[in-house]
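Peer 1: Quick one, entry-v6.cif (mmCIF, C-alpha atoms):
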data_my_file
#
loop_
_atom_site.label_atom_id
_atom_site.label_comp_id
_atom_site.auth_asym_id
_atom_site.auth_seq_id
_atom_site.Cartn_x
_atom_site.Cartn_y
_atom_site.Cartn_z
CA MET A 462 -5.52 -24.41 5.30
CA LYS A 463 -5.95 -28.13 4.82
CA ILE A 464 -3.75 -29.80 7.45
CA GLY A 465 -3.05 -33.53 7.67
CA ILE A 466 -1.84 -34.95 10.97
CA ILE A 467 0.35 -38.03 10.46
CA GLY A 468 0.38 -39.78 13.82
CA SER A 469 -2.37 -38.48 16.09
CA GLY A 470 -0.74 -38.90 19.51
CA ASN A 471 -0.44 -36.14 22.11
CA MET A 472 1.28 -33.55 19.90
CA GLY A 473 -0.72 -34.32 16.77
CA ARG A 474 -4.05 -34.37 18.56
CA SER A 475 -3.35 -31.13 20.44
CA LEU A 476 -2.10 -29.09 17.49
CA GLY A 477 -4.82 -30.47 15.24
CA ILE A 478 -7.54 -29.42 17.69
CA LEU A 479 -6.03 -25.95 18.05
CA TRP A 480 -5.77 -25.38 14.31
CA ALA A 481 -9.34 -26.61 13.82
CA GLU A 482 -10.49 -24.10 16.45
CA GLN A 483 -8.89 -21.38 14.31
CA GLY A 484 -10.88 -22.46 11.25
CA HIS A 485 -8.35 -24.68 9.49
CA GLN A 486 -9.49 -27.96 7.94
CA VAL A 487 -7.85 -30.82 9.84
CA TYR A 488 -7.62 -34.54 9.08
CA PHE A 489 -6.28 -36.81 11.82
CA GLY A 490 -4.31 -39.77 10.52
CA ALA A 491 -3.45 -42.92 12.45
CA ARG A 492 -2.41 -46.53 11.87
CA THR A 493 -6.06 -47.54 11.63
CA VAL A 494 -9.22 -45.85 10.40
CA GLU A 495 -10.84 -46.48 13.76
CA LYS A 496 -8.16 -44.64 15.74
CA GLY A 497 -8.10 -41.68 13.35
CA LYS A 498 -11.87 -41.33 13.49
CA ALA A 499 -11.87 -41.65 17.26
CA VAL A 500 -9.46 -38.70 17.56
CA ALA A 501 -11.60 -36.65 15.17
CA ASP A 502 -14.72 -37.48 17.18
CA THR A 503 -12.98 -36.22 20.31
CA ALA A 504 -11.65 -33.11 18.55
CA GLY A 505 -14.93 -32.02 17.00
CA ASN A 506 -14.83 -28.73 15.04
CA SER A 507 -15.70 -30.55 11.80
CA THR A 508 -12.39 -32.42 11.81
CA GLN A 509 -12.03 -35.69 9.93
CA GLY A 510 -10.14 -38.86 10.78
CA GLY A 511 -8.83 -41.98 9.08
CA THR A 512 -5.54 -43.51 8.05
CA ASN A 513 -2.17 -41.83 7.73
CA ASP A 514 -2.43 -42.34 3.95
CA GLU A 515 -5.69 -40.41 3.91
CA ALA A 516 -4.26 -37.62 6.05
CA ALA A 517 -1.22 -37.38 3.75
CA ALA A 518 -3.44 -37.08 0.68
CA PHE A 519 -5.72 -34.51 2.37
CA GLY A 520 -3.26 -31.96 3.69
CA GLU A 521 -1.47 -29.07 2.00
CA VAL A 522 0.50 -28.95 5.25
CA LEU A 523 1.42 -32.17 7.04
CA LEU A 524 2.42 -32.48 10.70
CA TYR A 525 4.73 -35.49 11.09
CA THR A 526 4.80 -36.64 14.71
CA ILE A 527 6.32 -40.10 14.33
CA ARG A 528 9.85 -39.87 15.72
CA GLY A 529 12.71 -41.51 13.88
CA VAL A 530 10.55 -43.50 11.43
CA ASN A 531 11.09 -43.21 7.68
CA PRO A 532 7.88 -41.90 6.09
CA GLU A 533 7.99 -44.75 3.56
CA GLU A 534 7.07 -47.04 6.48
CA VAL A 535 4.07 -44.86 7.30
CA VAL A 536 2.72 -43.61 3.95
CA SER A 537 2.09 -46.03 1.08
CA ASP A 538 2.85 -43.61 -1.76
CA LEU A 539 5.52 -40.99 -1.11
CA GLU A 540 4.56 -39.17 -4.30
CA VAL A 541 1.45 -37.98 -2.45
CA LEU A 542 3.78 -35.88 -0.28
CA SER A 543 5.47 -34.05 -3.16
CA GLY A 544 5.62 -30.29 -2.78
CA LYS A 545 3.83 -30.26 0.55
CA VAL A 546 4.94 -28.49 3.72
CA PHE A 547 6.14 -31.16 6.14
CA ILE A 548 6.37 -30.04 9.78
CA ASP A 549 8.71 -32.09 11.97
CA CYS A 550 8.04 -31.52 15.70
CA ASN A 551 10.14 -34.42 17.00
CA ASN A 552 13.09 -34.67 19.37
CA PHE A 553 15.57 -37.44 20.11
CA GLU A 554 14.87 -39.89 22.89
CA ILE A 555 16.17 -38.81 26.29
CA PRO A 556 19.36 -40.75 27.16
CA GLU A 557 20.35 -41.86 30.64
CA GLY A 558 21.35 -38.86 32.71
CA PHE A 559 20.45 -36.46 29.86
CA ALA A 560 23.89 -37.23 28.39
CA TYR A 561 23.03 -36.21 24.83
CA PRO A 562 25.65 -36.75 22.12
CA PRO A 563 26.41 -33.87 19.73
CA ILE A 564 23.80 -33.52 16.99
CA GLU A 565 25.59 -34.07 13.69
CA GLN A 566 22.37 -34.59 11.74
CA SER A 567 19.00 -33.41 12.98
CA LEU A 568 15.86 -35.50 12.75
CA ALA A 569 14.50 -32.87 10.37
CA GLU A 570 17.52 -33.14 8.06
CA LYS A 571 17.15 -36.91 8.07
CA LEU A 572 13.50 -36.55 7.04
CA ALA A 573 14.48 -34.19 4.23
CA LEU A 574 16.82 -36.85 2.85
CA GLU A 575 14.18 -39.56 3.15
CA VAL A 576 11.48 -37.54 1.39
CA PRO A 577 13.40 -35.06 -0.81
CA LYS A 578 10.32 -33.81 -2.66
CA VAL A 579 8.70 -32.29 0.44
CA ARG A 580 9.45 -28.97 2.13
CA VAL A 581 10.56 -29.93 5.63
CA VAL A 582 10.18 -27.34 8.40
CA LYS A 583 11.27 -27.82 12.02
CA ALA A 584 8.89 -26.37 14.60
CA PHE A 585 6.97 -27.01 17.84
CA ASN A 586 9.74 -29.12 19.40
CA THR A 587 10.77 -26.76 22.21
CA MET A 588 7.65 -26.97 24.37
CA ALA A 589 5.78 -29.70 26.20
CA GLN A 590 2.31 -30.71 25.05
CA GLU A 591 0.84 -29.17 28.20
CA VAL A 592 1.80 -25.69 26.98
CA PHE A 593 -0.81 -25.99 24.24
CA GLU A 594 -3.51 -25.88 26.92
CA LEU A 595 -2.64 -22.18 27.30
CA VAL A 596 -3.58 -21.27 23.70
CA PRO A 597 -3.99 -18.52 22.78
CA THR A 598 -4.12 -15.62 25.25
CA PRO A 599 -1.59 -16.72 27.93
CA LEU A 600 0.92 -17.54 25.19
CA LYS A 601 0.50 -14.10 23.67
CA ASP A 602 0.67 -12.40 27.04
CA ASN A 603 3.92 -14.20 27.87
CA ASN A 604 5.43 -13.85 24.39
CA VAL A 605 6.12 -17.59 24.09
CA SER A 606 8.40 -18.34 21.14
CA CYS A 607 7.93 -21.00 18.50
CA PHE A 608 11.21 -21.51 16.65
CA VAL A 609 10.90 -22.34 12.94
CA ALA A 610 13.65 -23.55 10.58
CA GLY A 611 13.47 -24.71 6.97
CA ASP A 612 15.21 -24.20 3.64
CA ASP A 613 12.05 -23.18 1.77
CA GLU A 614 11.12 -19.60 2.73
CA GLU A 615 7.48 -19.91 1.70
CA ALA A 616 7.06 -23.11 3.73
CA ARG A 617 8.76 -21.47 6.72
CA ASN A 618 6.39 -18.51 6.52
CA ILE A 619 3.35 -20.80 6.33
CA VAL A 620 4.42 -22.60 9.51
CA MET A 621 5.17 -19.32 11.25
CA LYS A 622 1.64 -18.16 10.45
CA LEU A 623 0.19 -21.43 11.79
CA ALA A 624 2.17 -20.89 15.00
CA GLU A 625 0.95 -17.29 15.25
CA ASP A 626 -2.66 -18.41 14.70
CA ILE A 627 -2.61 -20.28 18.01
CA GLY A 628 -0.87 -17.62 20.07
CA PHE A 629 2.87 -18.26 19.68
CA ASN A 630 5.42 -15.63 18.74
CA PRO A 631 7.08 -17.25 15.71
CA VAL A 632 10.84 -16.84 15.40
CA ASP A 633 12.42 -17.29 11.97
CA CYS A 634 15.52 -19.46 12.46
CA GLY A 635 16.61 -19.69 8.84
CA GLY A 636 17.64 -22.84 7.00
CA LEU A 637 17.05 -26.46 7.93
CA ARG A 638 20.62 -26.98 9.14
CA ASN A 639 19.60 -24.86 12.12
CA ALA A 640 17.19 -27.62 13.13
CA ARG A 641 20.26 -29.04 14.91
CA LEU A 642 20.19 -26.00 17.18
CA LEU A 643 16.43 -26.29 17.71
CA GLU A 644 16.68 -29.97 18.58
CA GLY A 645 19.47 -29.06 21.00
CA MET A 646 17.03 -26.60 22.59
CA GLY A 647 14.46 -29.38 22.69
CA ASN A 648 16.97 -31.49 24.62
CA PHE A 649 17.70 -28.60 26.98
CA ILE A 650 14.09 -27.73 27.78
CA ARG A 651 13.30 -31.36 28.58
CA PHE A 652 16.30 -31.38 30.92
CA MET A 653 14.88 -28.30 32.63
CA ILE A 654 11.33 -29.71 32.71
CA ILE A 655 12.28 -33.17 33.97
CA GLY A 656 15.85 -33.10 35.24
CA GLN A 657 15.57 -29.76 37.03
CA LYS A 658 11.91 -30.30 37.91
CA LEU A 659 10.64 -26.99 36.52
CA GLY A 660 7.56 -28.77 35.17
CA SER A 661 5.81 -28.93 31.82
CA TYR A 662 5.02 -25.23 31.58
CA ALA A 663 8.68 -24.20 31.37
CA THR A 664 9.49 -22.66 27.97
CA ILE A 665 12.36 -21.12 26.04
CA SER A 666 11.58 -17.75 24.47
CA VAL A 667 13.46 -14.92 22.81
CA ASN A 668 12.75 -11.39 23.99
CA VAL A 669 14.42 -8.34 22.47
CA LEU A 670 15.06 -5.72 25.15
CA PRO A 671 15.02 -1.97 24.52
CA ALA A 672 18.50 -0.64 23.92
CA ALA A 673 20.36 0.97 26.82
CA GLU A 674 19.95 4.74 26.81
CA LYS A 675 23.64 5.28 27.49
CA GLU A 676 26.74 3.15 27.96
CA ARG A 677 28.38 2.90 31.39
CA LEU A 678 30.51 -0.23 30.89
CA GLY A 679 32.75 0.95 28.09
CA GLY A 680 30.73 -0.52 25.23
CA ARG A 681 31.59 -3.54 23.10
CA GLN A 682 35.29 -3.65 22.26
CA VAL A 683 36.62 -5.20 19.05
CA SER A 684 37.39 -8.90 19.55
CA LYS A 685 37.49 -12.18 17.68
CA LEU A 686 33.85 -12.73 18.71
CA ASN A 687 32.60 -9.75 16.66
#
In structure tokens, how does this file's structure come out?
Peer 2:
Amino acid sequence: MKIGIIGSGNMGRSLGILWAEQGHQVYFGARTVEKGKAVADTAGNSTQGGTNDEAAAFGEVLLYTIRGVNPEEVVSDLEVLSGKVFIDCNNFEIPEGFAYPPIEQSLAEKLALEVPKVRVVKAFNTMAQEVFELVPTPLKDNNVSCFVAGDDEEARNIVMKLAEDIGFNPVDCGGLRNARLLEGMGNFIRFMIIGQKLGSYATISVNVLPAAEKERLGGRQVSKLN
């Protein structure tokens, strides 16, 4: 696929390099042509680099790594984004003491309101950048989940395939409202990584266990939680 990276910092650079290694066409965007080209020069694999406007025009899929900034401040012509898959990998800033307020609107939902003609998908926000160094085999071996939420099913499936390409086990999390849950997980894993000192290679994954062969605890009883 043709993938434009809007904001080529740690996350954008890492994911762009990994997708390029898998044969995707990648264009690194930045505030200046010089920075975008410098990232592409480092990345190799026939990647290109330039401005965020150029990356936005290039990509069928766009990775948006610029936290909390309205795309109209980053891209000159929002019409260029129309119909494209727009991956939001961002989390809220970490407050003092990890005292996060309830998430009433996710960053991904905010983006969807700001650029209503794009297909926003939340993904890649529940792992530290260092985890990408393990692509692909250790991720596959450890069944590391990438949680994906978005209202457009086709867009969600495209992002799930991009996650699978680099070794993640993609988990379909349904509509974009569920980005609130994913951003809550992003808050939690950073608490575990930093606050509980587990380090950058801590992850959150979903594993489905084989069913018990027989019940010995009386089974699930009917309750209000059913």
Peer 1: One number please: CA of Gln682 (chain A) to CA of Val667 (chain A), in Å, one decimal.
Peer 2: 24.6 Å
Peer 1: Could you pull the residues within 7 Å of region 486-495 of chain A, counting all atoms listed in the file, minus those fewer than 2 positions along the same chain, as a list in words?
Peer 2: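 Residues meeting the cut-off are Met462, Lys463, Ile464, Gly465, Ile466, Ile467, Gly468, Ser469, Gly477, Ala481, Gly484, Gly497, Lys498, Ala499, Val500, Ala501, Thr508, Gln509, Gly510, Gly511, Thr512, Asn513, Glu515, Ala516 and Phe519 of chain A.
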Peer 1: Measuring atom to atom with all atoms listed in the file, identify which of A:Glu644, A:Glu674, A:Glu570, A:Asp514 is nearest to Asn552 (chain A).
Peer 2: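 Nearest to Asn552 (chain A): A:Glu644.
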Peer 1: Expand the PyMOL selection byres ((chain A and resi 524) around 7) into the explicit residue set it covers here, and present it as JSON, numbers by chain.
Peer 2: {"A": [465, 466, 467, 522, 523, 525, 526, 547, 548, 549]}
Peer 1: Find the distance between CA of Val581 (chain A) and CA of Gly505 (chain A) and write it in Å to one decimal.
Peer 2: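 Distance reported for this atom pair: 28.0 Å.
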Peer 1: Measuring between all atoms listed in the file, which one of A:Met472, A:Ile555, A:Ile627, A:Val541 shows the shortest distance to Phe649 (chain A)?
Peer 2: A:Ile555
Peer 1: CA of Ile478 (chain A) to CA of Ala504 (chain A): how many Å, to one decimal?
Peer 2: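 Atom-to-atom, CA of Ile478 (chain A) and CA of Ala504 (chain A) are spaced 5.6 Å apart.
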Peer 1: With all atoms listed in the file as the atoms that count, which of A:Gln483, A:Val632, A:Asn604, A:Glu521 lies nearest to Asn506 (chain A)?
Peer 2: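 Smallest separation from Asn506 (chain A) among the options: A:Gln483.
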Peer 1: At a cut-off of 12 Å from (5.0, -42.6, -2.6) in the coordinates of the file, what residues are picked up using all atoms listed in the file, written as an MDAnalysis selection string?
Peer 2: chainID A and resid 514 517:518 531:543 575:579
Peer 1: Once the PyMOL selection byres ((chain A and resi 639) around 12) has been evaluated on this model, what residues remain selected, and can you format them as an NGL selection string?
Peer 2: :A and (564-570 or 582-584 or 608-612 or 633-638 or 640-646)
Peer 1: Name every residue that the PyMOL selection byres ((chain A and resi 585-596) around 6) selects in this structure, writing the answer as a PyMOL selection string with chains first and numbers rising.
Peer 2: chain A and resi 472+550-551+584+597-599+627-628+647+661-662+664
Peer 1: So, with only C-alpha atoms as the atoms that count, which of A:Arg474, A:Arg528, A:Trp480, A:Leu574 lies closest to Asp502 (chain A)?
Peer 2: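 Selected residue with least distance to Asp502 (chain A): A:Arg474.
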Peer 1: So which residues touch Asn603 (chain A) within 10 Å, counting all atoms listed in the file, skipping near sequence neighbours fewer than 2 positions away, as a PDB file with C-alpha atoms, keeping the file's coordinate frame?
Peer 2:
ATOM      1  CA  THR A 598      -4.120 -15.620  25.250  1.00  0.00           C
ATOM      2  CA  PRO A 599      -1.590 -16.720  27.930  1.00  0.00           C
ATOM      3  CA  LEU A 600       0.920 -17.540  25.190  1.00  0.00           C
ATOM      4  CA  LYS A 601       0.500 -14.100  23.670  1.00  0.00           C
ATOM      5  CA  VAL A 605       6.120 -17.590  24.090  1.00  0.00           C
ATOM      6  CA  SER A 606       8.400 -18.340  21.140  1.00  0.00           C
ATOM      7  CA  GLY A 628      -0.870 -17.620  20.070  1.00  0.00           C
ATOM      8  CA  PHE A 629       2.870 -18.260  19.680  1.00  0.00           C
ATOM      9  CA  ASN A 630       5.420 -15.630  18.740  1.00  0.00           C
ATOM     10  CA  SER A 666      11.580 -17.750  24.470  1.00  0.00           C
TER      11      SER A 666
END
Peer 1: May I ask you to restore N, CA, C and O atoms in region 528-553 of chain A and write the result as a PDB file, in the coordinates of the input?
Peer 2:
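As written to disk, part.pdb reads:
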ATOM      1  N   ARG A 528       8.417 -40.102  15.535  1.00  0.00           N
ATOM      2  CA  ARG A 528       9.850 -39.870  15.720  1.00  0.00           C
ATOM      3  C   ARG A 528      10.708 -40.991  15.159  1.00  0.00           C
ATOM      4  O   ARG A 528      10.506 -42.165  15.468  1.00  0.00           O
ATOM      5  N   GLY A 529      11.674 -40.600  14.324  1.00  0.00           N
ATOM      6  CA  GLY A 529      12.710 -41.510  13.880  1.00  0.00           C
ATOM      7  C   GLY A 529      12.248 -42.615  12.944  1.00  0.00           C
ATOM      8  O   GLY A 529      12.980 -43.589  12.737  1.00  0.00           O
ATOM      9  N   VAL A 530      11.076 -42.483  12.353  1.00  0.00           N
ATOM     10  CA  VAL A 530      10.550 -43.500  11.430  1.00  0.00           C
ATOM     11  C   VAL A 530      10.510 -42.927  10.034  1.00  0.00           C
ATOM     12  O   VAL A 530       9.947 -41.848   9.802  1.00  0.00           O
ATOM     13  N   ASN A 531      11.099 -43.635   9.082  1.00  0.00           N
ATOM     14  CA  ASN A 531      11.090 -43.210   7.680  1.00  0.00           C
ATOM     15  C   ASN A 531       9.650 -43.139   7.188  1.00  0.00           C
ATOM     16  O   ASN A 531       8.880 -44.085   7.361  1.00  0.00           O
ATOM     17  N   PRO A 532       9.258 -42.022   6.573  1.00  0.00           N
ATOM     18  CA  PRO A 532       7.880 -41.900   6.090  1.00  0.00           C
ATOM     19  C   PRO A 532       7.443 -43.017   5.144  1.00  0.00           C
ATOM     20  O   PRO A 532       6.248 -43.293   5.047  1.00  0.00           O
ATOM     21  N   GLU A 533       8.390 -43.669   4.453  1.00  0.00           N
ATOM     22  CA  GLU A 533       7.990 -44.750   3.560  1.00  0.00           C
ATOM     23  C   GLU A 533       7.416 -45.944   4.333  1.00  0.00           C
ATOM     24  O   GLU A 533       6.736 -46.795   3.740  1.00  0.00           O
ATOM     25  N   GLU A 534       7.664 -45.998   5.652  1.00  0.00           N
ATOM     26  CA  GLU A 534       7.070 -47.040   6.480  1.00  0.00           C
ATOM     27  C   GLU A 534       5.690 -46.646   6.984  1.00  0.00           C
ATOM     28  O   GLU A 534       4.981 -47.455   7.581  1.00  0.00           O
ATOM     29  N   VAL A 535       5.318 -45.392   6.754  1.00  0.00           N
ATOM     30  CA  VAL A 535       4.070 -44.860   7.300  1.00  0.00           C
ATOM     31  C   VAL A 535       3.061 -44.541   6.191  1.00  0.00           C
ATOM     32  O   VAL A 535       1.862 -44.767   6.345  1.00  0.00           O
ATOM     33  N   VAL A 536       3.566 -44.030   5.066  1.00  0.00           N
ATOM     34  CA  VAL A 536       2.720 -43.610   3.950  1.00  0.00           C
ATOM     35  C   VAL A 536       2.989 -44.523   2.763  1.00  0.00           C
ATOM     36  O   VAL A 536       4.142 -44.733   2.382  1.00  0.00           O
ATOM     37  N   SER A 537       1.941 -45.041   2.153  1.00  0.00           N
ATOM     38  CA  SER A 537       2.090 -46.030   1.080  1.00  0.00           C
ATOM     39  C   SER A 537       2.738 -45.453  -0.165  1.00  0.00           C
ATOM     40  O   SER A 537       3.556 -46.103  -0.811  1.00  0.00           O
ATOM     41  N   ASP A 538       2.369 -44.230  -0.535  1.00  0.00           N
ATOM     42  CA  ASP A 538       2.850 -43.610  -1.760  1.00  0.00           C
ATOM     43  C   ASP A 538       3.489 -42.279  -1.440  1.00  0.00           C
ATOM     44  O   ASP A 538       2.803 -41.292  -1.188  1.00  0.00           O
ATOM     45  N   LEU A 539       4.822 -42.222  -1.459  1.00  0.00           N
ATOM     46  CA  LEU A 539       5.520 -40.990  -1.110  1.00  0.00           C
ATOM     47  C   LEU A 539       5.270 -39.868  -2.109  1.00  0.00           C
ATOM     48  O   LEU A 539       5.442 -38.691  -1.774  1.00  0.00           O
ATOM     49  N   GLU A 540       4.844 -40.204  -3.320  1.00  0.00           N
ATOM     50  CA  GLU A 540       4.560 -39.170  -4.300  1.00  0.00           C
ATOM     51  C   GLU A 540       3.424 -38.259  -3.845  1.00  0.00           C
ATOM     52  O   GLU A 540       3.341 -37.100  -4.251  1.00  0.00           O
ATOM     53  N   VAL A 541       2.558 -38.784  -2.995  1.00  0.00           N
ATOM     54  CA  VAL A 541       1.450 -37.980  -2.450  1.00  0.00           C
ATOM     55  C   VAL A 541       1.988 -36.788  -1.668  1.00  0.00           C
ATOM     56  O   VAL A 541       1.329 -35.746  -1.559  1.00  0.00           O
ATOM     57  N   LEU A 542       3.192 -36.923  -1.122  1.00  0.00           N
ATOM     58  CA  LEU A 542       3.780 -35.880  -0.280  1.00  0.00           C
ATOM     59  C   LEU A 542       4.443 -34.763  -1.082  1.00  0.00           C
ATOM     60  O   LEU A 542       4.747 -33.709  -0.528  1.00  0.00           O
ATOM     61  N   SER A 543       4.655 -34.959  -2.356  1.00  0.00           N
ATOM     62  CA  SER A 543       5.470 -34.050  -3.160  1.00  0.00           C
ATOM     63  C   SER A 543       4.972 -32.606  -3.094  1.00  0.00           C
ATOM     64  O   SER A 543       3.785 -32.327  -3.276  1.00  0.00           O
ATOM     65  N   GLY A 544       5.904 -31.710  -2.801  1.00  0.00           N
ATOM     66  CA  GLY A 544       5.620 -30.290  -2.780  1.00  0.00           C
ATOM     67  C   GLY A 544       4.943 -29.773  -1.525  1.00  0.00           C
ATOM     68  O   GLY A 544       4.755 -28.561  -1.369  1.00  0.00           O
ATOM     69  N   LYS A 545       4.573 -30.676  -0.625  1.00  0.00           N
ATOM     70  CA  LYS A 545       3.830 -30.260   0.550  1.00  0.00           C
ATOM     71  C   LYS A 545       4.770 -29.761   1.661  1.00  0.00           C
ATOM     72  O   LYS A 545       5.944 -30.109   1.700  1.00  0.00           O
ATOM     73  N   VAL A 546       4.208 -28.943   2.537  1.00  0.00           N
ATOM     74  CA  VAL A 546       4.940 -28.490   3.720  1.00  0.00           C
ATOM     75  C   VAL A 546       4.871 -29.596   4.766  1.00  0.00           C
ATOM     76  O   VAL A 546       3.787 -30.094   5.081  1.00  0.00           O
ATOM     77  N   PHE A 547       6.013 -29.983   5.278  1.00  0.00           N
ATOM     78  CA  PHE A 547       6.140 -31.160   6.140  1.00  0.00           C
ATOM     79  C   PHE A 547       6.728 -30.700   7.468  1.00  0.00           C
ATOM     80  O   PHE A 547       7.921 -30.448   7.576  1.00  0.00           O
ATOM     81  N   ILE A 548       5.900 -30.544   8.488  1.00  0.00           N
ATOM     82  CA  ILE A 548       6.370 -30.040   9.780  1.00  0.00           C
ATOM     83  C   ILE A 548       6.873 -31.199  10.640  1.00  0.00           C
ATOM     84  O   ILE A 548       6.135 -32.147  10.916  1.00  0.00           O
ATOM     85  N   ASP A 549       8.125 -31.103  11.059  1.00  0.00           N
ATOM     86  CA  ASP A 549       8.710 -32.090  11.970  1.00  0.00           C
ATOM     87  C   ASP A 549       8.778 -31.466  13.363  1.00  0.00           C
ATOM     88  O   ASP A 549       9.468 -30.469  13.572  1.00  0.00           O
ATOM     89  N   CYS A 550       8.069 -32.060  14.323  1.00  0.00           N
ATOM     90  CA  CYS A 550       8.040 -31.520  15.700  1.00  0.00           C
ATOM     91  C   CYS A 550       8.772 -32.437  16.676  1.00  0.00           C
ATOM     92  O   CYS A 550       8.624 -32.288  17.891  1.00  0.00           O
ATOM     93  N   ASN A 551       9.578 -33.363  16.163  1.00  0.00           N
ATOM     94  CA  ASN A 551      10.140 -34.420  17.000  1.00  0.00           C
ATOM     95  C   ASN A 551      11.489 -34.065  17.619  1.00  0.00           C
ATOM     96  O   ASN A 551      12.239 -33.239  17.093  1.00  0.00           O
ATOM     97  N   ASN A 552      11.788 -34.744  18.720  1.00  0.00           N
ATOM     98  CA  ASN A 552      13.090 -34.670  19.370  1.00  0.00           C
ATOM     99  C   ASN A 552      13.645 -36.084  19.559  1.00  0.00           C
ATOM    100  O   ASN A 552      12.899 -37.068  19.511  1.00  0.00           O
ATOM    101  N   PHE A 553      14.950 -36.157  19.815  1.00  0.00           N
ATOM    102  CA  PHE A 553      15.570 -37.440  20.110  1.00  0.00           C
ATOM    103  C   PHE A 553      15.069 -37.991  21.442  1.00  0.00           C
ATOM    104  O   PHE A 553      14.601 -37.233  22.300  1.00  0.00           O
TER     105      PHE A 553
END
